[in-house]
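Structure file start-v8.txt (compact mmCIF, C-alpha atoms and all ligand atoms) is printed below.
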```txt
# COMPACT_ATOMS: atom_id res chain seq x y z
CA MET A 1 128.46 190.34 103.33
CA LYS A 2 130.48 190.93 106.47
CA VAL A 3 129.87 194.12 108.43
CA GLY A 4 132.06 195.48 111.23
CA ILE A 5 130.33 197.48 113.97
CA VAL A 6 132.59 200.23 115.25
CA GLY A 7 132.41 203.37 117.37
CA LEU A 8 133.44 205.01 120.62
CA SER A 9 132.62 203.51 124.03
CA GLN A 10 129.11 203.19 125.47
CA VAL A 11 127.33 204.22 122.30
CA GLY A 12 125.30 201.01 121.90
CA LYS A 13 127.44 198.87 119.59
CA THR A 14 126.98 195.65 121.50
CA THR A 15 123.30 196.38 122.13
CA ILE A 16 122.67 196.78 118.40
CA PHE A 17 124.83 193.75 117.58
CA SER A 18 122.79 191.67 119.98
CA LEU A 19 119.48 192.95 118.56
CA LEU A 20 120.60 192.28 114.98
CA THR A 21 121.86 188.78 115.58
CA GLY A 22 119.47 187.72 118.31
CA MET A 23 122.51 186.64 120.29
CA ASN A 24 122.54 187.04 124.03
CA VAL A 25 125.72 188.87 124.75
CA ASP A 26 127.30 190.12 127.89
CA LEU A 27 127.66 193.90 127.51
CA PHE A 28 130.80 193.83 129.63
CA CYS A 29 132.50 191.24 127.51
CA GLN A 30 135.13 193.03 125.46
CA GLU A 31 135.87 190.12 123.14
CA HIS A 32 135.23 190.36 119.43
CA GLN A 33 132.10 188.50 118.50
CA LYS A 34 130.42 187.61 115.27
CA GLY A 35 126.85 186.67 114.49
CA THR A 36 124.39 186.39 111.65
CA ALA A 37 121.36 188.62 111.11
CA LYS A 38 118.31 188.01 108.96
CA VAL A 39 117.59 190.73 106.46
CA HIS A 40 113.94 191.53 106.85
CA ASP A 41 112.27 191.47 103.46
CA PRO A 42 108.46 191.64 103.39
CA ARG A 43 108.54 190.08 99.90
CA VAL A 44 109.78 186.84 101.43
CA ASP A 45 106.83 186.82 103.83
CA ILE A 46 104.40 187.38 100.97
CA LEU A 47 105.97 184.63 98.86
CA ALA A 48 105.83 182.31 101.86
CA LYS A 49 102.08 182.97 102.20
CA MET A 50 101.64 182.13 98.53
CA TYR A 51 103.67 178.88 98.42
CA GLU A 52 103.24 177.70 102.02
CA PRO A 53 106.66 176.04 101.91
CA LYS A 54 108.14 173.74 104.56
CA LYS A 55 110.95 176.20 105.06
CA VAL A 56 111.43 179.95 104.70
CA THR A 57 114.93 181.36 104.46
CA TYR A 58 115.82 185.05 104.55
CA ALA A 59 118.97 186.67 103.22
CA THR A 60 121.57 187.30 105.90
CA LEU A 61 124.34 189.68 106.85
CA GLU A 62 127.22 188.74 109.11
CA PHE A 63 128.08 191.19 111.88
CA TYR A 64 131.25 191.65 113.91
CA ASP A 65 131.09 193.51 117.20
CA THR A 66 134.26 195.28 118.35
CA PRO A 67 135.63 196.90 121.50
CA ALA A 68 135.46 200.71 121.55
CA LEU A 69 137.81 202.89 119.56
CA LYS A 70 139.56 205.41 121.78
CA ILE A 71 140.45 208.78 120.39
CA ASN A 72 144.03 208.90 119.16
CA ASP A 73 144.94 205.54 120.65
CA LYS A 74 146.97 203.64 118.10
CA LYS A 75 147.15 200.42 120.08
CA GLU A 76 143.39 200.19 120.49
CA ARG A 77 142.80 201.22 116.89
CA THR A 78 145.19 198.61 115.56
CA ALA A 79 143.58 195.91 117.68
CA VAL A 80 140.06 196.82 116.54
CA PHE A 81 140.85 197.06 112.83
CA ASN A 82 143.14 194.04 112.73
CA ALA A 83 140.37 191.93 114.18
CA ILE A 84 137.93 192.95 111.44
CA GLN A 85 140.24 192.97 108.44
CA ASN A 86 137.96 190.61 106.56
CA VAL A 87 134.81 192.76 106.79
CA GLU A 88 133.64 194.30 103.54
CA SER A 89 131.75 197.20 105.06
CA LEU A 90 131.58 199.22 108.24
CA MET A 91 128.75 200.45 110.42
CA ILE A 92 129.54 203.36 112.73
CA VAL A 93 127.39 203.68 115.85
CA VAL A 94 126.94 207.17 117.29
CA ARG A 95 125.20 207.88 120.57
CA ALA A 96 122.55 210.57 120.76
CA PHE A 97 120.56 209.07 123.66
CA GLU A 98 120.78 211.04 126.86
CA ASN A 99 121.15 209.09 130.05
CA ASP A 100 123.48 210.07 132.84
CA ALA A 101 123.42 206.55 134.23
CA VAL A 102 125.42 205.43 131.18
CA SER A 103 128.84 207.05 131.04
CA TYR A 104 129.38 209.17 127.94
CA PRO A 105 131.98 208.51 125.26
CA GLU A 106 135.06 210.73 125.18
CA VAL A 107 133.23 213.36 123.14
CA GLU A 108 129.54 213.93 123.72
CA GLU A 109 128.02 215.69 120.75
CA PRO A 110 126.92 213.15 118.14
CA ILE A 111 128.65 215.00 115.28
CA GLU A 112 131.88 215.09 117.28
CA GLN A 113 131.63 211.34 117.91
CA LEU A 114 131.18 210.72 114.22
CA LYS A 115 134.11 212.95 113.30
CA ALA A 116 136.32 211.35 115.94
CA THR A 117 135.42 207.87 114.69
CA LEU A 118 136.13 208.84 111.09
CA ASP A 119 139.46 210.30 112.20
CA GLU A 120 140.35 206.87 113.59
CA PHE A 121 139.50 205.41 110.16
CA LEU A 122 141.80 207.94 108.50
CA PHE A 123 144.58 207.28 111.02
CA ARG A 124 144.19 203.56 110.52
CA ASP A 125 144.56 203.88 106.77
CA LEU A 126 147.49 206.21 107.23
CA ASP A 127 149.15 203.65 109.55
CA VAL A 128 148.73 200.96 106.91
CA VAL A 129 149.76 203.08 103.93
CA THR A 130 152.84 204.62 105.54
CA GLY A 131 153.87 201.22 106.87
CA ARG A 132 153.80 199.79 103.37
CA ILE A 133 155.58 202.84 101.90
CA GLU A 134 158.38 202.44 104.44
CA LYS A 135 158.68 198.77 103.66
CA LEU A 136 159.02 199.44 99.93
CA GLU A 137 161.39 202.37 100.38
CA ASN A 138 163.62 200.44 102.76
CA ALA A 139 163.81 197.37 100.55
CA LYS A 140 167.49 196.71 100.08
CA ARG A 141 167.07 195.98 96.39
CA LYS A 142 165.82 197.60 93.24
CA LEU A 143 162.03 197.64 93.20
CA GLU A 144 160.20 195.84 90.45
CA LEU A 145 158.19 197.99 88.07
CA ARG A 146 154.96 196.81 89.70
CA GLU A 147 156.24 197.89 93.10
CA GLU A 148 157.27 201.30 91.76
CA ILE A 149 153.73 201.79 90.51
CA GLU A 150 152.34 200.70 93.86
CA LEU A 151 154.65 203.08 95.70
CA ASN A 152 153.45 206.03 93.61
CA LEU A 153 149.87 205.06 94.25
CA LEU A 154 150.48 204.72 98.00
CA LYS A 155 152.02 208.19 98.09
CA ARG A 156 148.90 209.57 96.44
CA LEU A 157 146.78 207.86 99.08
CA GLU A 158 149.05 209.12 101.85
CA GLU A 159 148.61 212.67 100.65
CA ALA A 160 144.84 212.37 100.45
CA LEU A 161 144.66 210.88 103.95
CA GLY A 162 146.94 213.65 105.22
CA ASN A 163 144.32 216.09 103.90
CA GLU A 164 141.65 214.19 105.81
CA GLN A 165 140.14 212.85 102.63
CA LEU A 166 138.40 209.48 102.70
CA LEU A 167 139.89 207.16 100.09
CA SER A 168 136.43 206.37 98.72
CA ARG A 169 136.35 210.03 97.63
CA ILE A 170 139.37 209.90 95.35
CA ASP A 171 139.32 208.56 91.82
CA LEU A 172 140.95 205.17 91.58
CA THR A 173 140.94 202.89 88.55
CA GLU A 174 139.85 199.28 88.94
CA GLU A 175 143.51 198.34 88.55
CA GLU A 176 144.53 200.66 91.38
CA LYS A 177 141.76 199.40 93.64
CA LYS A 178 142.97 195.89 93.03
CA MET A 179 146.53 196.91 93.86
CA VAL A 180 145.54 198.06 97.36
CA GLY A 181 142.71 195.55 97.78
CA GLY A 182 144.71 193.38 100.14
CA PHE A 183 145.24 196.18 102.67
CA SER A 184 141.62 196.28 103.84
CA LEU A 185 141.63 200.08 103.89
CA ALA A 186 138.78 201.29 106.08
CA THR A 187 137.89 204.44 104.16
CA LEU A 188 137.58 202.50 100.90
CA LYS A 189 134.74 200.41 102.31
CA PRO A 190 131.04 201.30 102.19
CA ILE A 191 130.08 202.99 105.44
CA ALA A 192 126.74 203.29 107.23
CA VAL A 193 126.07 205.56 110.19
CA VAL A 194 123.58 204.48 112.85
CA VAL A 195 122.51 207.05 115.41
CA ASN A 196 121.24 205.55 118.66
CA VAL A 197 118.51 207.91 119.88
CA ASP A 198 116.35 207.89 123.01
CA GLU A 199 112.55 207.72 123.08
CA LYS A 200 112.09 211.46 123.16
CA GLN A 201 114.49 212.05 120.27
CA PHE A 202 112.80 209.21 118.43
CA SER A 203 109.36 210.78 118.67
CA ASP A 204 110.75 214.30 118.05
CA LYS A 205 112.67 212.92 115.06
CA ASN A 206 115.49 215.17 116.20
CA TYR A 207 118.61 215.29 118.35
CA GLU A 208 121.53 217.62 118.86
CA THR A 209 123.69 218.20 115.72
CA LYS A 210 121.44 216.05 113.51
CA ASP A 211 121.71 218.46 110.57
CA GLN A 212 125.48 218.27 110.59
CA ILE A 213 125.43 214.48 110.75
CA ILE A 214 123.05 214.26 107.80
CA GLU A 215 125.18 216.68 105.82
CA LEU A 216 128.36 214.73 106.51
CA CYS A 217 126.65 211.47 105.50
CA ASN A 218 125.31 212.97 102.28
CA GLU A 219 128.67 214.47 101.36
CA ASN A 220 130.41 211.14 101.74
CA GLY A 221 127.72 208.78 100.50
CA PHE A 222 127.19 207.07 103.86
CA ALA A 223 123.90 205.36 104.59
CA TYR A 224 122.12 206.94 107.54
CA VAL A 225 119.75 205.25 109.98
CA GLU A 226 118.23 206.37 113.29
CA LEU A 227 117.39 203.73 115.83
CA CYS A 228 116.27 203.68 119.46
CA GLY A 229 118.25 200.88 121.08
CA LYS A 230 116.15 200.92 124.22
CA LEU A 231 112.85 200.73 122.36
CA GLU A 232 114.22 197.95 120.17
CA MET A 233 115.17 195.98 123.27
CA GLU A 234 111.65 196.39 124.60
CA LEU A 235 110.14 195.31 121.27
CA ASN A 236 112.43 192.34 121.27
CA ALA A 237 111.06 191.13 124.58
CA LEU A 238 107.44 191.13 123.38
CA SER A 239 105.40 188.38 121.77
CA GLU A 240 104.86 188.68 118.03
CA GLU A 241 101.31 189.91 118.62
CA GLU A 242 102.22 192.55 121.19
CA LYS A 243 105.04 193.67 118.97
CA MET A 244 102.72 194.28 116.01
CA GLU A 245 100.39 196.23 118.25
CA LEU A 246 103.11 198.48 119.63
CA LEU A 247 104.56 199.04 116.16
CA LYS A 248 101.12 200.06 114.94
CA ASP A 249 100.91 202.57 117.80
CA LEU A 250 104.26 203.91 116.71
CA GLY A 251 102.91 204.29 113.18
CA THR A 252 105.15 201.71 111.52
CA GLU A 253 105.06 198.08 110.46
CA GLU A 254 108.58 197.01 111.15
CA THR A 255 111.15 197.39 113.89
CA GLY A 256 114.14 199.69 113.59
CA ILE A 257 116.39 196.66 113.46
CA GLN A 258 114.47 195.31 110.46
CA ARG A 259 114.71 198.70 108.79
CA LEU A 260 118.43 198.84 109.58
CA SER A 261 119.25 195.44 108.12
CA ARG A 262 117.56 196.37 104.85
CA ALA A 263 119.17 199.82 104.66
CA LEU A 264 122.60 198.24 105.11
CA TYR A 265 121.85 195.61 102.50
CA ASN A 266 120.94 198.24 99.92
CA GLN A 267 123.76 200.59 100.82
CA PHE A 268 126.31 197.83 100.44
CA GLY A 269 125.27 197.21 96.84
CA LEU A 270 123.47 193.91 97.42
CA VAL A 271 120.35 192.61 95.68
CA SER A 272 118.15 189.61 96.39
CA PHE A 273 116.79 187.03 94.04
CA PHE A 274 114.31 184.41 95.15
CA THR A 275 113.77 180.71 94.66
CA VAL A 276 110.26 179.47 95.36
CA GLY A 277 108.51 176.15 95.75
CA LYS A 278 106.69 173.84 98.14
CA ASP A 279 109.92 172.88 99.90
CA GLU A 280 111.44 176.28 100.41
CA VAL A 281 110.98 179.96 99.72
CA ARG A 282 114.34 181.57 99.91
CA ALA A 283 116.07 184.92 99.38
CA TRP A 284 119.64 184.78 98.06
CA THR A 285 122.21 187.53 98.00
CA LEU A 286 124.16 188.83 95.02
CA ARG A 287 126.16 191.95 94.36
CA LYS A 288 124.49 194.37 91.96
CA GLY A 289 125.45 193.51 88.39
CA SER A 290 125.78 189.76 88.97
CA THR A 291 124.61 187.34 86.27
CA ALA A 292 122.26 184.36 86.07
CA LEU A 293 125.35 182.15 86.17
CA ASP A 294 126.44 183.81 89.44
CA ALA A 295 122.94 183.18 90.78
CA ALA A 296 123.20 179.51 89.83
CA GLY A 297 126.60 179.25 91.52
CA THR A 298 125.25 180.87 94.68
CA ILE A 299 122.61 178.16 94.97
CA HIS A 300 124.91 175.24 94.18
CA SER A 301 128.10 174.75 92.18
CA ASP A 302 126.38 171.93 90.24
CA LEU A 303 123.81 174.40 88.96
CA ALA A 304 126.55 176.66 87.62
CA ARG A 305 128.47 173.74 86.11
CA GLY A 306 125.45 172.29 84.33
CA PHE A 307 123.74 175.62 83.60
CA ILE A 308 121.47 175.52 80.55
CA ARG A 309 119.08 178.43 80.96
CA ALA A 310 117.30 180.30 83.72
CA GLU A 311 113.60 180.99 83.98
CA VAL A 312 113.06 184.45 85.39
CA ILE A 313 109.84 185.93 86.72
CA LYS A 314 109.61 189.38 88.23
CA TYR A 315 108.33 189.47 91.79
CA SER A 316 106.00 192.35 90.91
CA ASP A 317 104.51 190.40 87.98
CA LEU A 318 103.87 187.40 90.21
CA ILE A 319 102.11 189.55 92.79
CA ASN A 320 100.12 191.49 90.22
CA LEU A 321 98.97 188.41 88.28
CA GLY A 322 98.62 186.06 91.24
CA SER A 323 100.29 182.87 90.02
CA GLU A 324 103.26 181.55 88.05
CA LYS A 325 100.88 180.20 85.47
CA ALA A 326 99.25 183.59 84.92
CA VAL A 327 102.70 185.15 84.48
CA LYS A 328 103.66 182.50 81.92
CA ASP A 329 100.35 182.86 80.07
CA ALA A 330 100.94 186.60 79.88
CA GLY A 331 104.30 185.88 78.25
CA LEU A 332 106.17 187.53 81.11
CA MET A 333 108.41 184.63 82.04
CA LEU A 334 111.87 185.17 80.55
CA LEU A 335 114.16 182.37 79.50
CA VAL A 336 117.65 183.79 79.82
CA GLY A 337 121.27 182.73 79.37
CA LYS A 338 124.35 182.90 81.58
CA GLU A 339 125.00 186.58 80.96
CA HIS A 340 121.60 187.88 82.06
CA VAL A 341 122.07 190.50 84.76
CA VAL A 342 119.95 189.59 87.77
CA GLN A 343 117.62 192.35 89.03
CA ASP A 344 116.56 192.75 92.63
CA GLY A 345 113.36 190.74 93.05
CA ASP A 346 113.91 188.27 90.21
CA ILE A 347 112.40 184.86 90.95
CA ILE A 348 114.72 182.37 89.36
CA ASN A 349 114.54 178.73 88.40
CA ILE A 350 117.75 177.29 86.94
CA ARG A 351 117.49 174.65 84.24
CA PHE A 352 120.61 172.55 84.42
CA ASN A 353 122.07 169.24 83.47
CA VAL A 354 125.01 167.51 85.17
N1 LIG B 1 118.99 204.70 127.66
C1 LIG B 1 119.54 203.97 126.69
N2 LIG B 1 120.55 203.15 127.03
C2 LIG B 1 121.12 202.43 126.04
C3 LIG B 1 120.67 202.48 124.70
N3 LIG B 1 121.44 201.67 123.96
C4 LIG B 1 122.32 201.11 124.82
N4 LIG B 1 122.15 201.55 126.07
C5 LIG B 1 122.89 201.22 127.30
O1 LIG B 1 124.18 201.81 127.18
C6 LIG B 1 125.16 200.97 127.75
C7 LIG B 1 126.25 200.71 126.73
O2 LIG B 1 125.72 199.95 125.67
P1 LIG B 1 126.63 198.96 124.84
O3 LIG B 1 125.78 198.35 123.80
O4 LIG B 1 127.37 198.04 125.74
O5 LIG B 1 127.65 200.01 124.19
P2 LIG B 1 129.05 199.73 123.46
O6 LIG B 1 130.10 200.08 124.45
O7 LIG B 1 129.05 200.70 122.33
O8 LIG B 1 129.08 198.31 123.03
C8 LIG B 1 124.45 199.70 128.19
O9 LIG B 1 124.22 199.81 129.57
C9 LIG B 1 123.14 199.74 127.42
O10 LIG B 1 122.11 199.10 128.11
C10 LIG B 1 119.57 203.34 124.38
O11 LIG B 1 119.11 203.48 123.24
N5 LIG B 1 119.06 204.06 125.42
MG MG B 2 130.47 196.75 123.39
```
Take the structure in the file and give it back as structure tokens.
Amino acid sequence: MKVGIVGLSQVGKTTIFSLLTGMNVDLFCQEHQKGTAKVHDPRVDILAKMYEPKKVTYATLEFYDTPALKINDKKERTAVFNAIQNVESLMIVVRAFENDAVSYPEVEEPIEQLKATLDEFLFRDLDVVTGRIEKLENAKRKLELREEIELNLLKRLEEALGNEQLLSRIDLTEEEKKMVGGFSLATLKPIAVVVNVDEKQFSDKNYETKDQIIELCNENGFAYVELCGKLEMELNALSEEEKMELLKDLGTEETGIQRLSRALYNQFGLVSFFTVGKDEVRAWTLRKGSTALDAAGTIHSDLARGFIRAEVIKYSDLINLGSEKAVKDAGLMLLVGKEHVVQDGDIINIRFNV
């Protein structure tokens, strides 16, 4: 899953990108950058303890950092969104942290930053939709039936956007979604909001306009995560041992970045299945609703081609009973066919023949 990180200037986008991906990036570099982040999943750690494999592999998300959006600046907006057309989801960073040494974005209140960023999303989609409408309307020929249908749909979208409605909020059939799928419309994508708080706000669990931000996120189905960029940077610089100690003092077991990666993963409709063994314990990513055959294909195309059956054990059963054998003896190992819908936490072994 590809995630674009967007927001106004000096809110912490690049800081969070760098923390997520572990990449050392120059904060002044305005280039687009991409990097991969591990999705922290304690189940993988527990499985690794059980199997002691040579290799442990976590699920990943791919992140794209972007230059700042500027309010009502079409050129900047076009540049930012064109560069991340292939992302499937968007993460908006909002700054709550107070620090006069870091210049503030164009609007200061967190809720105003969020609204301004969402306005840029709406404007972007409006740019794309009206551009396409013009192209169809100015075609010097009779439109095909399919194009007429598309034009009507686009006009519906244009009206919604004109009313400041996110496109994810209007009812579209699968057919209609497919019709506009190629346009990479921002407000059709899953969105997560990350608020970058300072240490005081972090311990107070509060910052200015928080209630309004939460309400806006709930209304629109956005994921919501609070994170202290500065604290995360400090954690990042510590040894594993010191880190655990500090986290314990803070009353938690994982860093904000670990929490964030998992929240995004869930919000974006992804589930993990696991493969286990002496060689490797590994988490793999599927979209919710995917089948055992999809799982096989994710591991290797040969496994999908030669698919016979899949052995499925539930992670919770394995942990409760202590070993694969105990799960089998209890009759809890399923032998399933291609159509089996994979559940988050399934441990899968594909039987295949090529
Ligand atoms: N005090 C404080 N400074 C931060 C925090 N997060 C980022 N910064 C600083 O804010 C400045 C802008 O951050 P950056 O990640 O480049 O923001 P971007 O413009 O959104 O990419 C940098 O100097 C960061 O070191 C934070 O949580 N607290
Ligand atoms: Mg930046």
Notebook entry, point to check: Quick one: residues within 7 Å of Tyr224 (chain A), all atoms listed in the file counted, chain neighbours fewer than 4 positions away excluded, as a list in words?
Noted result: Ala192, Val193, Val194 and Cys217 of chain A
Margin query: Counting all atoms listed in the file, what are the residues, protein, DNA or RNA alike, that approach ligand MG 2 (chain B) to within 10 Å? I want them as a ChimeraX atom specification.
Written below: /A:5-18,25-33,65-68
Notebook entry, point to check: Which of these, A:Lys74, A:Lys115, A:Arg282, A:Arg262, has the shortest distance to Ile46 (chain A) once you count only C-alpha atoms?
Noted result: A:Arg282
Neighbour list for Ala160 (chain A) as a short mmCIF file (atom, residue, chain, number, x, y, z; two decimals) with C-alpha atoms, in the frame of the given file, cut-off 12 Å, all atoms listed in the file, skip fewer than 3 positions in-chain:
```
data_model
loop_
_atom_site.label_atom_id
_atom_site.label_comp_id
_atom_site.auth_asym_id
_atom_site.auth_seq_id
_atom_site.Cartn_x
_atom_site.Cartn_y
_atom_site.Cartn_z
CA LEU A 122 141.80 207.94 108.50
CA PHE A 123 144.58 207.28 111.02
CA ASP A 125 144.56 203.88 106.77
CA LEU A 126 147.49 206.21 107.23
CA VAL A 129 149.76 203.08 103.93
CA LEU A 153 149.87 205.06 94.25
CA LEU A 154 150.48 204.72 98.00
CA LYS A 155 152.02 208.19 98.09
CA ARG A 156 148.90 209.57 96.44
CA LEU A 157 146.78 207.86 99.08
CA ASN A 163 144.32 216.09 103.90
CA GLU A 164 141.65 214.19 105.81
CA GLN A 165 140.14 212.85 102.63
CA LEU A 166 138.40 209.48 102.70
CA LEU A 167 139.89 207.16 100.09
CA SER A 168 136.43 206.37 98.72
CA ARG A 169 136.35 210.03 97.63
CA ILE A 170 139.37 209.90 95.35
CA ASP A 171 139.32 208.56 91.82
CA THR A 187 137.89 204.44 104.16
#
```
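Considering only C-alpha atoms, the residue among A:Glu226, A:Asp279, A:Asp119, A:Glu240 positioned nearest to Lys54 (chain A) is A:Asp279.
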Note to self: Restricting the calculation to all atoms listed in the file: of A:Asp127, A:His40, A:Met50, A:Glu234, which residue gets closest to ligand LIG 1 (chain B)?
What the structure shows: A:Glu234
Notebook entry, point to check: What's the 12 Å shell around Asp317 (chain A), counting only C-alpha atoms, without same-chain residues fewer than 3 positions away, as a list in words?
Noted result: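 Listing them by chain and then by number gives Val312, Ile313, Lys314, Asn320, Leu321, Gly322, Ser323, Glu324, Lys325, Ala326, Val327, Lys328, Asp329, Ala330, Gly331, Leu332, Met333, Leu334, Gly345, Asp346 and Ile347 of chain A.
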Checklist line | Length of the CA of Tyr315 (chain A) to CA of Ile257 (chain A) vector [Å] | finding: 24.2 Å
Note to self: List the spatial neighbours of region 304-310 of chain A as an NGL selection string - criterion: any atom at most 7 Å away, all atoms listed in the file, same-chain residues fewer than 4 positions off excluded.
What the structure shows: :A and (292-293 or 296-297 or 300 or 335-338 or 348-354)
Region 37-147 of chain A residues near region 201-205 of chain A within 12 Å, closest pair each, using only C-alpha atoms, as a Markdown table:
```
| residue | atom | partner | partner_atom | distance |
| --- | --- | --- | --- | --- |
| A:Arg95 | CA | A:Gln201 | CA | 11.5 |
| A:Ala96 | CA | A:Gln201 | CA | 8.2 |
| A:Phe97 | CA | A:Gln201 | CA | 7.6 |
| A:Glu98 | CA | A:Gln201 | CA | 9.2 |
```
Margin query: Given only C-alpha atoms and all ligand atoms as the basis, pick out the residue of A:Val342, A:Leu19, A:Val128, A:Leu318 nearest to ligand LIG 1 (chain B).
Written below: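 Closest residue, counting only C-alpha atoms and all ligand atoms: A:Leu19.
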Checklist line | Polymer residues at most 10 Å from Asn72 (chain A), only C-alpha atoms, same-chain spacing of 2 or more positions, as a PyMOL selection string | finding: chain A and resi 69-70+74-77+116-117+119-120+123
Notebook entry, point to check: Hey, which of A:Glu148, A:Glu199, A:Glu108, A:Glu88 ends up closest to ligand LIG 1 (chain B)? Count only C-alpha atoms and all ligand atoms.
Noted result: A:Glu199
Item checked: Gap from CA of Leu114 (chain A) to CA of Ile213 (chain A) - Å, one decimal ->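 One can read the CA of Leu114 (chain A) to CA of Ile213 (chain A) distance as 7.7 Å.
As for CA of Ile319 (chain A) and CA of Lys243 (chain A), they are spaced 26.7 Å apart.
Remark: for ligand LIG 1 (chain B), the closest of the candidate residues A:Phe81, A:Tyr58, A:Phe63, A:Tyr104 is A:Tyr104 (distances computed over all atoms listed in the file).
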Could you add N, CA and C atoms to region 201-222 of chain A and give me the result as an mmCIF file, in the frame of the given file?
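The result, written out as selection_34.cif:
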```cif
data_model
loop_
_atom_site.group_PDB
_atom_site.id
_atom_site.type_symbol
_atom_site.label_atom_id
_atom_site.label_comp_id
_atom_site.auth_asym_id
_atom_site.auth_seq_id
_atom_site.Cartn_x
_atom_site.Cartn_y
_atom_site.Cartn_z
ATOM 1 N N GLN A 201 113.895 211.683 121.569
ATOM 2 C CA GLN A 201 114.490 212.050 120.270
ATOM 3 C C GLN A 201 113.811 211.293 119.143
ATOM 4 N N PHE A 202 113.452 210.048 119.441
ATOM 5 C CA PHE A 202 112.800 209.210 118.430
ATOM 6 C C PHE A 202 111.461 209.819 118.036
ATOM 7 N N SER A 203 110.675 210.232 119.026
ATOM 8 C CA SER A 203 109.360 210.780 118.670
ATOM 9 C C SER A 203 109.485 212.213 118.134
ATOM 10 N N ASP A 204 110.507 212.950 118.604
ATOM 11 C CA ASP A 204 110.750 214.300 118.050
ATOM 12 C C ASP A 204 111.378 214.249 116.663
ATOM 13 N N LYS A 205 111.892 213.060 116.295
ATOM 14 C CA LYS A 205 112.670 212.920 115.060
ATOM 15 C C LYS A 205 113.823 213.931 115.016
ATOM 16 N N ASN A 206 114.392 214.194 116.166
ATOM 17 C CA ASN A 206 115.490 215.170 116.200
ATOM 18 C C ASN A 206 116.409 214.923 117.392
ATOM 19 N N TYR A 207 117.637 215.345 117.254
ATOM 20 C CA TYR A 207 118.610 215.290 118.350
ATOM 21 C C TYR A 207 119.684 216.326 118.020
ATOM 22 N N GLU A 208 120.502 216.599 119.017
ATOM 23 C CA GLU A 208 121.530 217.620 118.860
ATOM 24 C C GLU A 208 122.479 217.296 117.686
ATOM 25 N N THR A 209 122.758 218.265 116.877
ATOM 26 C CA THR A 209 123.690 218.200 115.720
ATOM 27 C C THR A 209 123.229 217.259 114.600
ATOM 28 N N LYS A 210 121.933 216.945 114.563
ATOM 29 C CA LYS A 210 121.440 216.050 113.510
ATOM 30 C C LYS A 210 121.745 216.585 112.097
ATOM 31 N N ASP A 211 121.496 217.885 111.910
ATOM 32 C CA ASP A 211 121.710 218.460 110.570
ATOM 33 C C ASP A 211 123.128 218.234 110.077
ATOM 34 N N GLN A 212 124.080 218.428 110.996
ATOM 35 C CA GLN A 212 125.480 218.270 110.590
ATOM 36 C C GLN A 212 125.802 216.811 110.253
ATOM 37 N N ILE A 213 125.202 215.906 111.014
ATOM 38 C CA ILE A 213 125.430 214.480 110.750
ATOM 39 C C ILE A 213 124.887 214.116 109.365
ATOM 40 N N ILE A 214 123.668 214.573 109.093
ATOM 41 C CA ILE A 214 123.050 214.260 107.800
ATOM 42 C C ILE A 214 123.909 214.822 106.661
ATOM 43 N N GLU A 215 124.386 216.042 106.872
ATOM 44 C CA GLU A 215 125.180 216.680 105.820
ATOM 45 C C GLU A 215 126.458 215.884 105.564
ATOM 46 N N LEU A 216 127.123 215.490 106.651
ATOM 47 C CA LEU A 216 128.360 214.730 106.510
ATOM 48 C C LEU A 216 128.104 213.382 105.794
ATOM 49 N N CYS A 217 126.986 212.750 106.135
ATOM 50 C CA CYS A 217 126.650 211.470 105.500
ATOM 51 C C CYS A 217 126.366 211.673 104.011
ATOM 52 N N ASN A 218 125.609 212.710 103.696
ATOM 53 C CA ASN A 218 125.310 212.970 102.280
ATOM 54 C C ASN A 218 126.559 213.270 101.485
ATOM 55 N N GLU A 219 127.423 214.107 102.053
ATOM 56 C CA GLU A 219 128.670 214.470 101.360
ATOM 57 C C GLU A 219 129.504 213.256 101.004
ATOM 58 N N ASN A 220 129.497 212.280 101.905
ATOM 59 C CA ASN A 220 130.410 211.140 101.740
ATOM 60 C C ASN A 220 129.739 209.873 101.247
ATOM 61 N N GLY A 221 128.429 209.961 100.998
ATOM 62 C CA GLY A 221 127.720 208.780 100.500
ATOM 63 C C GLY A 221 127.552 207.684 101.539
ATOM 64 N N PHE A 222 127.452 208.066 102.818
ATOM 65 C CA PHE A 222 127.190 207.070 103.860
ATOM 66 C C PHE A 222 125.690 206.831 103.964
#
```
